[in-house]
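A.B. asks: Just dropping this structure here.
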2 protein chains.
Amino acid sequence: MDFHAIIPAGGAGRRLWPWSTPSHPKFLLPLGSEKSLLQTTATRLAPLAQSLTFVTGSSHAEAVRRQIGSLNLDTPSLFVAEPAARDSMAAIGLGAALIERDYGPSLAGSFAADHHIGGVEAFHNAVAVARAGAEAGKLVTIGITPSGPETGYGYIEVGEPIPEIPGLHLVNMFKEKPDAKTASAYLESGGYLWNAGMFVFRTDVLLGALEQEAPESASALRKLAANWESLGEPAKLAWWEKVVRAPIDTVLAEPMSERGEVVMVPAAAAIDWSDVGDWEAIYQLRHQTGEKLANLSPQTPVFQSDSPDSLVYAPGLQGVAVIGIPHAVVVESGGKLLVTTRENAQKVKAAGLAADEW
Amino acid sequence: MDFHAIIPAGGAGRRLWPWSTPSHPKFLLPLGSEKSLLQTTATRLAPLAQSLTFVTGSSHAEAVRRQIGSLNLDTPSLFVAEPAARDSMAAIGLGAALIERDYGPSLAGSFAADHHIGGVEAFHNAVAVARAGAEAGKLVTIGITPSGPETGYGYIEVGEPIPEIPGLHLVNMFKEKPDAKTASAYLESGGYLWNAGMFVFRTDVLLGALEQEAPESASALRKLAANWESLGEPAKLAWWEKVVRAPIDTVLAEPMSERGEVVMVPAAAAIDWSDVGDWEAIYQLRHQTGEKLANLSPQTPVFQSDSPDSLVYAPGLQGVAVIGIPHAVVVESGGKLLVTTRENAQKVKAAGLAADEW
């Protein structure tokens, strides 16, 4: 079966404030390379996929189209602007319905536009295994072996191997973001992988399962897909609002896993995945072993004293001095400044929300 | 006897980087009020003095003249640009020689241009007592009762009271900046005051003592003063370089104190003196009791989380968030940024020196 990629490009990335903001969200921004996370994601998927379907908020549709256009990919792309933000079930479901409309029942995978994957080959290998599971009618997720007791990710409890398809395991249960103690226990047991939010499935299986869990959602998505180009915005919005507003995890993945219909590929460690969710994640990606400072804006000089293992990004400043703050995080963007430590990286969202008023 | 004020305006204030720099030093900068420290110092001294003599580096002579001119003081002012930087003995000695030339042997006092004095009445009272001691032929210093075990100031060991002049004590000894343990011992003993670098004296006593300690310096200063307006710059510099390059403390105050010729006025606590030497000193001056943040640039919004008792000054930024750094110090000036804590305030000088290369 043909394989198609759905790339939901959403989320404000507020824990990466002030670099990421609702008007310039994380997926549109470059991460040290010349390409944005969105562009890197598309480049990684294009060789695998017969088509790429980008689902994004209307305010970013033009930027997404422009960034992808500049890549000159051979793979055909469809750009879908959501009538309104409606969480991941609606976005992925609409993508699946449009793919099924255009290509018939197909294999598809949904991959966030704003994650980092350092090991492209390991990723491609994981997708190949996931496709085999999806062809067999399963909802397949790609799990990431934890590199530490991370509290910022959801976890997947690994079940028995699937004998028919080597490399696949049953998913026993999805677990919410744990507290530090639970995360350490997960890490020690070895039986829990990070949920990276990647799902591979047959479009007919996904839409069929949605039909079962939320019948009105499934028929609204099919209606929308069938008439996407001809519907006016008010009509689109009216159908869109009939789709359940919730993550695919709670609408499908959790109930399906209870019925043994969800399986996982444990990705090789070489996949080097990160959700690039906060400044600690960026530090982990970008610092060089043995270096005392990750300066992400090397044109800005940094004086550092008693502040080892810090991160500075301040392209708009003429120079930065950090004194006596180990693990400091100093980020300037558009004249707004964040000063914190890596240990506090998950608390940045509140600052971004407050900054909306500035 | 008439009283004249000498105001040496020098020093780069590098521990207040990036606000204070060699080209825009501390004494020229406003400290939250509309007046600069220099202007506040002149305003405080004008009612006491028959004249004000400003001794400054040539690069700041014009700015000093302009700032003082804008005050429209009734007291006549003399502006003296040093041929080169040559420490405090030369600056104060030249001021004294010029005053003696113009007014005959007089009372004079030397007061730094970049200190804070909150209690003007207490200061005036201390100067009045100091004048009495100076008229009696002593070198008089004004001591400050410590408010804490400060390691950033020199200390004065208080000796016996002078029976003839109420309010004056002998100076037993001048002490260098102490380590933390010594500073605590000084504080506990109650017998040590801060050396605020304020000296009151008769010009003929000062120049006579200099004659004795460093004869060539005294005659060079008298030569310079006699011909100040007519000498060309090279000739001025040649005489200037014959003057000892050292602080008045080591050239005169210490040897004179060994001969019992130095006395002190312990200023009332209400004088509220600070050398405004570092960001901790600025925090102490500017924070409001009970407030969690001293925001010295109130037009810049600040989001603060788990960062009590911090200081922010960032007039060039659109907003600042400080997360998880108690006692944070975040200072932006001219596009340069300092991030530290109040506990590290004395380490800022090295950053300022490094920033000269930026």
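Ordering of the structure tokens sets the chain letters (A, B, ...); residue numbers start at 1 within each chain; ligands are numbered from 1 in the order shown.
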Contacts of segment 212-219 of chain A at 12 Å or less, counting only C-alpha atoms, minus same-chain residues fewer than 6 places along, as a PyMOL selection string?

C.D. replies: chain A and resi 86+89-94+96-97+203-206+225-226+239-246+248+250-256

A.B. asks: Please produce an output containing N, CA and C atoms for each residue in the selection, written as an mmCIF file, in the first residue's frame.

C.D. replies:
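The resulting out_1.cif:
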data_model
loop_
_atom_site.group_PDB
_atom_site.id
_atom_site.type_symbol
_atom_site.label_atom_id
_atom_site.label_comp_id
_atom_site.auth_asym_id
_atom_site.auth_seq_id
_atom_site.Cartn_x
_atom_site.Cartn_y
_atom_site.Cartn_z
ATOM 1 N N ARG A 86 -8.531 22.816 16.696
ATOM 2 C CA ARG A 86 -9.468 21.802 17.216
ATOM 3 C C ARG A 86 -8.739 20.534 17.654
ATOM 4 N N MET A 89 -6.977 15.151 17.062
ATOM 5 C CA MET A 89 -7.865 14.169 16.412
ATOM 6 C C MET A 89 -8.460 14.767 15.146
ATOM 7 N N ALA A 90 -8.926 16.018 15.240
ATOM 8 C CA ALA A 90 -9.543 16.661 14.081
ATOM 9 C C ALA A 90 -8.517 16.865 12.967
ATOM 10 N N ALA A 91 -7.327 17.339 13.328
ATOM 11 C CA ALA A 91 -6.304 17.626 12.312
ATOM 12 C C ALA A 91 -5.876 16.342 11.587
ATOM 13 N N ILE A 92 -5.585 15.292 12.366
ATOM 14 C CA ILE A 92 -5.114 14.042 11.756
ATOM 15 C C ILE A 92 -6.255 13.361 10.997
ATOM 16 N N GLY A 93 -7.449 13.424 11.573
ATOM 17 C CA GLY A 93 -8.598 12.814 10.911
ATOM 18 C C GLY A 93 -8.897 13.479 9.575
ATOM 19 N N LEU A 94 -8.817 14.793 9.526
ATOM 20 C CA LEU A 94 -9.056 15.498 8.262
ATOM 21 C C LEU A 94 -7.993 15.124 7.237
ATOM 22 N N ALA A 96 -6.338 12.333 7.092
ATOM 23 C CA ALA A 96 -6.594 10.954 6.661
ATOM 24 C C ALA A 96 -7.754 10.898 5.670
ATOM 25 N N ALA A 97 -8.786 11.691 5.947
ATOM 26 C CA ALA A 97 -9.955 11.678 5.065
ATOM 27 C C ALA A 97 -9.601 12.253 3.688
ATOM 28 N N THR A 203 -5.764 4.482 6.583
ATOM 29 C CA THR A 203 -6.780 5.543 6.705
ATOM 30 C C THR A 203 -8.148 4.936 6.994
ATOM 31 N N ASP A 204 -8.452 3.795 6.354
ATOM 32 C CA ASP A 204 -9.779 3.203 6.583
ATOM 33 C C ASP A 204 -9.899 2.643 7.996
ATOM 34 N N VAL A 205 -8.808 2.153 8.545
ATOM 35 C CA VAL A 205 -8.838 1.670 9.934
ATOM 36 C C VAL A 205 -9.049 2.849 10.884
ATOM 37 N N LEU A 206 -8.305 3.930 10.650
ATOM 38 C CA LEU A 206 -8.424 5.093 11.536
ATOM 39 C C LEU A 206 -9.832 5.666 11.486
ATOM 40 N N ALA A 225 -13.948 16.462 3.814
ATOM 41 C CA ALA A 225 -12.955 16.038 2.828
ATOM 42 C C ALA A 225 -13.567 16.001 1.431
ATOM 43 N N ALA A 226 -14.780 15.487 1.346
ATOM 44 C CA ALA A 226 -15.401 15.345 0.027
ATOM 45 C C ALA A 226 -15.617 16.702 -0.644
ATOM 46 N N TRP A 239 -19.166 22.298 9.854
ATOM 47 C CA TRP A 239 -18.844 20.862 9.889
ATOM 48 C C TRP A 239 -17.697 20.579 10.862
ATOM 49 N N TRP A 240 -16.686 21.452 10.811
ATOM 50 C CA TRP A 240 -15.495 21.290 11.659
ATOM 51 C C TRP A 240 -15.876 21.232 13.128
ATOM 52 N N GLU A 241 -16.865 22.038 13.499
ATOM 53 C CA GLU A 241 -17.248 22.087 14.921
ATOM 54 C C GLU A 241 -18.015 20.843 15.356
ATOM 55 N N LYS A 242 -18.365 19.990 14.392
ATOM 56 C CA LYS A 242 -18.986 18.709 14.762
ATOM 57 C C LYS A 242 -17.936 17.641 15.086
ATOM 58 N N VAL A 243 -16.668 17.956 14.826
ATOM 59 C CA VAL A 243 -15.595 16.989 15.106
ATOM 60 C C VAL A 243 -15.156 17.141 16.565
ATOM 61 N N VAL A 244 -14.945 16.013 17.218
ATOM 62 C CA VAL A 244 -14.565 16.032 18.628
ATOM 63 C C VAL A 244 -13.281 16.856 18.800
ATOM 64 N N ARG A 245 -13.275 17.694 19.836
ATOM 65 C CA ARG A 245 -12.104 18.536 20.096
ATOM 66 C C ARG A 245 -11.280 17.878 21.194
ATOM 67 N N ALA A 246 -10.355 17.014 20.797
ATOM 68 C CA ALA A 246 -9.568 16.263 21.780
ATOM 69 C C ALA A 246 -8.355 15.669 21.069
ATOM 70 N N ILE A 248 -5.844 12.815 19.631
ATOM 71 C CA ILE A 248 -6.025 11.477 19.085
ATOM 72 C C ILE A 248 -5.734 10.422 20.157
ATOM 73 N N THR A 250 -6.578 10.346 23.377
ATOM 74 C CA THR A 250 -7.727 9.969 24.209
ATOM 75 C C THR A 250 -8.896 9.471 23.365
ATOM 76 N N VAL A 251 -9.054 10.017 22.149
ATOM 77 C CA VAL A 251 -10.198 9.612 21.327
ATOM 78 C C VAL A 251 -9.990 8.207 20.777
ATOM 79 N N LEU A 252 -8.771 7.902 20.287
ATOM 80 C CA LEU A 252 -8.556 6.606 19.637
ATOM 81 C C LEU A 252 -7.503 5.731 20.307
ATOM 82 N N ALA A 253 -6.319 6.292 20.568
ATOM 83 C CA ALA A 253 -5.209 5.429 20.960
ATOM 84 C C ALA A 253 -5.509 4.690 22.267
ATOM 85 N N GLU A 254 -6.063 5.401 23.250
ATOM 86 C CA GLU A 254 -6.304 4.741 24.533
ATOM 87 C C GLU A 254 -7.405 3.676 24.454
ATOM 88 N N PRO A 255 -8.584 3.996 23.912
ATOM 89 C CA PRO A 255 -9.584 2.922 23.803
ATOM 90 C C PRO A 255 -9.131 1.776 22.899
ATOM 91 N N MET A 256 -8.439 2.070 21.798
ATOM 92 C CA MET A 256 -7.994 0.991 20.916
ATOM 93 C C MET A 256 -6.947 0.110 21.604
#

A.B. asks: Report the closest atom pair, with its distance in Å rounded to one decimal, for each residue of chain B that has an atom no farther than 8 Å from chain A; count only C-alpha atoms, sort by chain and then rising residue number, and write it as JSON lines.

C.D. replies:
{"residue": "B:Pro301", "atom": "CA", "partner": "A:Trp358", "partner_atom": "CA", "distance": 6.9}
{"residue": "B:Phe303", "atom": "CA", "partner": "A:Ala351", "partner_atom": "CA", "distance": 6.2}
{"residue": "B:Gly316", "atom": "CA", "partner": "A:Gly335", "partner_atom": "CA", "distance": 7.8}
{"residue": "B:Leu317", "atom": "CA", "partner": "A:Gly335", "partner_atom": "CA", "distance": 5.0}
{"residue": "B:Gln318", "atom": "CA", "partner": "A:Gly335", "partner_atom": "CA", "distance": 5.3}
{"residue": "B:Gly319", "atom": "CA", "partner": "A:Lys336", "partner_atom": "CA", "distance": 4.9}
{"residue": "B:Val320", "atom": "CA", "partner": "A:Leu337", "partner_atom": "CA", "distance": 4.7}
{"residue": "B:Ala321", "atom": "CA", "partner": "A:Leu338", "partner_atom": "CA", "distance": 4.9}
{"residue": "B:Val322", "atom": "CA", "partner": "A:Val339", "partner_atom": "CA", "distance": 4.9}
{"residue": "B:Ile323", "atom": "CA", "partner": "A:Thr340", "partner_atom": "CA", "distance": 4.8}
{"residue": "B:Gly324", "atom": "CA", "partner": "A:Thr340", "partner_atom": "CA", "distance": 6.0}
{"residue": "B:Ile325", "atom": "CA", "partner": "A:Thr340", "partner_atom": "CA", "distance": 6.4}
{"residue": "B:Gly335", "atom": "CA", "partner": "A:Leu317", "partner_atom": "CA", "distance": 5.0}
{"residue": "B:Lys336", "atom": "CA", "partner": "A:Gly319", "partner_atom": "CA", "distance": 4.9}
{"residue": "B:Leu337", "atom": "CA", "partner": "A:Val320", "partner_atom": "CA", "distance": 4.7}
{"residue": "B:Leu338", "atom": "CA", "partner": "A:Ala321", "partner_atom": "CA", "distance": 4.9}
{"residue": "B:Val339", "atom": "CA", "partner": "A:Val322", "partner_atom": "CA", "distance": 4.9}
{"residue": "B:Thr340", "atom": "CA", "partner": "A:Ile323", "partner_atom": "CA", "distance": 4.8}
{"residue": "B:Thr341", "atom": "CA", "partner": "A:Gly324", "partner_atom": "CA", "distance": 6.9}
{"residue": "B:Asn344", "atom": "CA", "partner": "A:Gly324", "partner_atom": "CA", "distance": 6.2}
{"residue": "B:Lys347", "atom": "CA", "partner": "A:Ile323", "partner_atom": "CA", "distance": 7.5}
{"residue": "B:Val348", "atom": "CA", "partner": "A:Ile323", "partner_atom": "CA", "distance": 7.4}
{"residue": "B:Ala351", "atom": "CA", "partner": "A:Ala321", "partner_atom": "CA", "distance": 6.1}
{"residue": "B:Ala354", "atom": "CA", "partner": "A:Phe303", "partner_atom": "CA", "distance": 7.0}
{"residue": "B:Ala355", "atom": "CA", "partner": "A:Gly319", "partner_atom": "CA", "distance": 7.4}
{"residue": "B:Trp358", "atom": "CA", "partner": "A:Gly319", "partner_atom": "CA", "distance": 6.9}

A.B. asks: Just want the 9 Å neighbourhood of segment 152-166 of chain B, counted on only C-alpha atoms, with same-chain residues fewer than 4 positions away dropped. Output as a PDB file with N, CA, C and O atoms, in the first residue's frame.

C.D. replies:
ATOM      1  N   VAL B 129      31.409  69.803  61.729  1.00  0.00           N
ATOM      2  CA  VAL B 129      32.350  69.328  62.751  1.00  0.00           C
ATOM      3  C   VAL B 129      33.743  69.154  62.132  1.00  0.00           C
ATOM      4  O   VAL B 129      34.762  69.523  62.731  1.00  0.00           O
ATOM      5  N   ALA B 132      35.749  72.293  61.875  1.00  0.00           N
ATOM      6  CA  ALA B 132      36.373  72.709  63.139  1.00  0.00           C
ATOM      7  C   ALA B 132      37.705  71.983  63.332  1.00  0.00           C
ATOM      8  O   ALA B 132      38.714  72.578  63.726  1.00  0.00           O
ATOM      9  N   GLY B 133      37.706  70.684  63.024  1.00  0.00           N
ATOM     10  CA  GLY B 133      38.945  69.920  63.155  1.00  0.00           C
ATOM     11  C   GLY B 133      39.998  70.383  62.171  1.00  0.00           C
ATOM     12  O   GLY B 133      41.199  70.457  62.489  1.00  0.00           O
ATOM     13  N   GLY B 143      33.681  59.371  58.859  1.00  0.00           N
ATOM     14  CA  GLY B 143      33.501  57.919  58.904  1.00  0.00           C
ATOM     15  C   GLY B 143      32.025  57.553  58.902  1.00  0.00           C
ATOM     16  O   GLY B 143      31.187  58.307  59.388  1.00  0.00           O
ATOM     17  N   LEU B 170      40.356  60.621  67.315  1.00  0.00           N
ATOM     18  CA  LEU B 170      41.587  60.269  66.611  1.00  0.00           C
ATOM     19  C   LEU B 170      41.336  59.095  65.676  1.00  0.00           C
ATOM     20  O   LEU B 170      40.488  58.244  65.950  1.00  0.00           O
ATOM     21  N   VAL B 171      42.066  59.053  64.567  1.00  0.00           N
ATOM     22  CA  VAL B 171      42.092  57.855  63.726  1.00  0.00           C
ATOM     23  C   VAL B 171      43.295  57.024  64.165  1.00  0.00           C
ATOM     24  O   VAL B 171      44.434  57.486  64.092  1.00  0.00           O
ATOM     25  N   ASN B 172      43.033  55.815  64.638  1.00  0.00           N
ATOM     26  CA  ASN B 172      44.153  54.949  65.020  1.00  0.00           C
ATOM     27  C   ASN B 172      44.866  54.398  63.797  1.00  0.00           C
ATOM     28  O   ASN B 172      46.084  54.343  63.739  1.00  0.00           O
ATOM     29  N   MET B 173      44.050  53.939  62.829  1.00  0.00           N
ATOM     30  CA  MET B 173      44.652  53.282  61.683  1.00  0.00           C
ATOM     31  C   MET B 173      43.626  53.154  60.561  1.00  0.00           C
ATOM     32  O   MET B 173      42.438  53.002  60.806  1.00  0.00           O
ATOM     33  N   PHE B 174      44.133  53.251  59.312  1.00  0.00           N
ATOM     34  CA  PHE B 174      43.296  52.938  58.148  1.00  0.00           C
ATOM     35  C   PHE B 174      43.479  51.464  57.811  1.00  0.00           C
ATOM     36  O   PHE B 174      44.598  50.939  57.866  1.00  0.00           O
ATOM     37  N   LYS B 175      42.387  50.805  57.453  1.00  0.00           N
ATOM     38  CA  LYS B 175      42.422  49.372  57.147  1.00  0.00           C
ATOM     39  C   LYS B 175      41.961  49.153  55.704  1.00  0.00           C
ATOM     40  O   LYS B 175      40.954  49.711  55.270  1.00  0.00           O
ATOM     41  N   GLU B 176      42.694  48.296  55.017  1.00  0.00           N
ATOM     42  CA  GLU B 176      42.311  47.888  53.654  1.00  0.00           C
ATOM     43  C   GLU B 176      40.951  47.178  53.662  1.00  0.00           C
ATOM     44  O   GLU B 176      40.484  46.748  54.714  1.00  0.00           O
ATOM     45  N   LYS B 177      40.378  46.997  52.481  1.00  0.00           N
ATOM     46  CA  LYS B 177      39.154  46.182  52.364  1.00  0.00           C
ATOM     47  C   LYS B 177      39.383  44.819  53.014  1.00  0.00           C
ATOM     48  O   LYS B 177      40.338  44.120  52.674  1.00  0.00           O
ATOM     49  N   PRO B 178      38.552  44.427  53.972  1.00  0.00           N
ATOM     50  CA  PRO B 178      38.800  43.181  54.712  1.00  0.00           C
ATOM     51  C   PRO B 178      38.165  41.968  54.033  1.00  0.00           C
ATOM     52  O   PRO B 178      37.321  42.114  53.150  1.00  0.00           O
ATOM     53  N   ASP B 179      38.562  40.784  54.464  1.00  0.00           N
ATOM     54  CA  ASP B 179      37.811  39.597  54.038  1.00  0.00           C
ATOM     55  C   ASP B 179      36.544  39.502  54.894  1.00  0.00           C
ATOM     56  O   ASP B 179      36.335  40.291  55.818  1.00  0.00           O
ATOM     57  N   ALA B 183      35.642  41.495  58.312  1.00  0.00           N
ATOM     58  CA  ALA B 183      34.564  42.487  58.252  1.00  0.00           C
ATOM     59  C   ALA B 183      33.533  42.219  59.349  1.00  0.00           C
ATOM     60  O   ALA B 183      33.034  43.159  59.988  1.00  0.00           O
ATOM     61  N   TYR B 186      35.045  43.358  62.629  1.00  0.00           N
ATOM     62  CA  TYR B 186      34.982  44.827  62.706  1.00  0.00           C
ATOM     63  C   TYR B 186      33.589  45.279  63.140  1.00  0.00           C
ATOM     64  O   TYR B 186      33.410  46.130  64.008  1.00  0.00           O
ATOM     65  N   GLY B 191      34.204  49.279  66.713  1.00  0.00           N
ATOM     66  CA  GLY B 191      35.285  50.262  66.717  1.00  0.00           C
ATOM     67  C   GLY B 191      35.823  50.618  65.341  1.00  0.00           C
ATOM     68  O   GLY B 191      36.877  51.254  65.240  1.00  0.00           O
ATOM     69  N   TYR B 192      35.125  50.221  64.312  1.00  0.00           N
ATOM     70  CA  TYR B 192      35.605  50.467  62.953  1.00  0.00           C
ATOM     71  C   TYR B 192      34.498  51.099  62.113  1.00  0.00           C
ATOM     72  O   TYR B 192      33.368  50.619  62.103  1.00  0.00           O
ATOM     73  N   LEU B 193      34.838  52.156  61.435  1.00  0.00           N
ATOM     74  CA  LEU B 193      33.869  52.802  60.545  1.00  0.00           C
ATOM     75  C   LEU B 193      34.330  52.664  59.098  1.00  0.00           C
ATOM     76  O   LEU B 193      35.501  52.425  58.817  1.00  0.00           O
ATOM     77  N   TRP B 194      33.372  52.801  58.180  1.00  0.00           N
ATOM     78  CA  TRP B 194      33.733  52.775  56.765  1.00  0.00           C
ATOM     79  C   TRP B 194      34.475  54.052  56.377  1.00  0.00           C
ATOM     80  O   TRP B 194      34.105  55.155  56.794  1.00  0.00           O
ATOM     81  N   ASN B 195      35.479  53.860  55.552  1.00  0.00           N
ATOM     82  CA  ASN B 195      36.212  54.991  54.988  1.00  0.00           C
ATOM     83  C   ASN B 195      35.532  55.404  53.694  1.00  0.00           C
ATOM     84  O   ASN B 195      35.630  54.721  52.682  1.00  0.00           O
ATOM     85  N   ALA B 196      34.839  56.526  53.757  1.00  0.00           N
ATOM     86  CA  ALA B 196      34.072  56.980  52.604  1.00  0.00           C
ATOM     87  C   ALA B 196      34.908  57.870  51.683  1.00  0.00           C
ATOM     88  O   ALA B 196      34.390  58.416  50.714  1.00  0.00           O
ATOM     89  N   GLY B 197      36.177  58.029  52.008  1.00  0.00           N
ATOM     90  CA  GLY B 197      37.069  58.803  51.139  1.00  0.00           C
ATOM     91  C   GLY B 197      36.801  60.301  51.148  1.00  0.00           C
ATOM     92  O   GLY B 197      37.189  61.007  50.232  1.00  0.00           O
ATOM     93  N   VAL B 263      42.101  62.986  62.154  1.00  0.00           N
ATOM     94  CA  VAL B 263      40.966  62.777  63.048  1.00  0.00           C
ATOM     95  C   VAL B 263      39.735  62.476  62.203  1.00  0.00           C
ATOM     96  O   VAL B 263      39.746  62.650  60.990  1.00  0.00           O
ATOM     97  N   MET B 264      38.687  61.996  62.897  1.00  0.00           N
ATOM     98  CA  MET B 264      37.487  61.657  62.132  1.00  0.00           C
ATOM     99  C   MET B 264      36.233  62.143  62.810  1.00  0.00           C
ATOM    100  O   MET B 264      36.169  62.290  64.031  1.00  0.00           O
ATOM    101  N   PRO B 266      32.549  60.696  63.191  1.00  0.00           N
ATOM    102  CA  PRO B 266      31.599  59.619  62.883  1.00  0.00           C
ATOM    103  C   PRO B 266      30.275  60.247  62.466  1.00  0.00           C
ATOM    104  O   PRO B 266      29.633  60.937  63.257  1.00  0.00           O
ATOM    105  N   ASP B 275      28.680  54.084  48.378  1.00  0.00           N
ATOM    106  CA  ASP B 275      29.536  54.434  47.248  1.00  0.00           C
ATOM    107  C   ASP B 275      28.909  54.013  45.917  1.00  0.00           C
ATOM    108  O   ASP B 275      29.502  54.250  44.870  1.00  0.00           O
ATOM    109  N   GLY B 277      28.697  51.346  44.504  1.00  0.00           N
ATOM    110  CA  GLY B 277      29.814  50.745  43.794  1.00  0.00           C
ATOM    111  C   GLY B 277      29.439  49.567  42.917  1.00  0.00           C
ATOM    112  O   GLY B 277      30.152  49.269  41.964  1.00  0.00           O
ATOM    113  N   GLN B 346      30.156  41.884  43.026  1.00  0.00           N
ATOM    114  CA  GLN B 346      31.525  42.402  43.006  1.00  0.00           C
ATOM    115  C   GLN B 346      32.375  41.771  41.906  1.00  0.00           C
ATOM    116  O   GLN B 346      33.525  42.161  41.715  1.00  0.00           O
TER     117      GLN B 346
END

A.B. asks: Would you pick out the contacts of Leu71 of chain A at 9 Å or less, using only C-alpha atoms, so that residues sharing its chain but fewer than 6 positions from it are not included, and give the list as a PyMOL selection string?

C.D. replies: chain A and resi 39+42-43

A.B. asks: Residues at most 9 Å from segment 115-125 of chain A, counting only C-alpha atoms, excluding those fewer than 3 positions away in the same chain, as a PyMOL selection string?

C.D. replies: chain A and resi 27+37-38+40-41+44-45+48+111-112+128-130+196+267-277+285

A.B. asks: How would you write, as JSON, numbers by chain, the set of residues in segment 50-262 of chain B that DSSP gives as alpha helix (DSSP H)?

C.D. replies: {"B": [58, 59, 60, 61, 62, 63, 64, 65, 66, 67, 68, 69, 87, 88, 89, 90, 91, 92, 93, 94, 95, 96, 97, 98, 99, 100, 101, 102, 103, 120, 121, 122, 123, 124, 125, 126, 127, 128, 129, 130, 131, 132, 133, 134, 135, 180, 181, 182, 183, 184, 185, 186, 187, 188, 189, 203, 204, 205, 206, 207, 208, 209, 210, 211, 212, 213, 215, 216, 217, 218, 219, 220, 221, 222, 223, 224, 225, 226, 233, 234, 235, 236, 237, 238, 239, 240, 248, 254, 255, 256, 257, 258]}

A.B. asks: Env of Thr53 of chain B: 10 Å cut, atoms = only C-alpha atoms, seq-sep filter 5 positions within chain, self excluded. Answer as a PyMOL selection string.

C.D. replies: chain B and resi 4-8+42+76-80+92+94-96+98-99+110

A.B. asks: Within 9 Å of Val140 of chain A, counting only C-alpha atoms, which residues qualify if same-chain residues fewer than 5 places away don't, as a list in words?

C.D. replies: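 Non-adjacent residues within range: Gly109, Ala130, Arg131, Gly133, Ala134, Leu168, Met198, Phe199, Val200, Phe201, Glu261, Val262, Val263, Met264 and Val265 of chain A.
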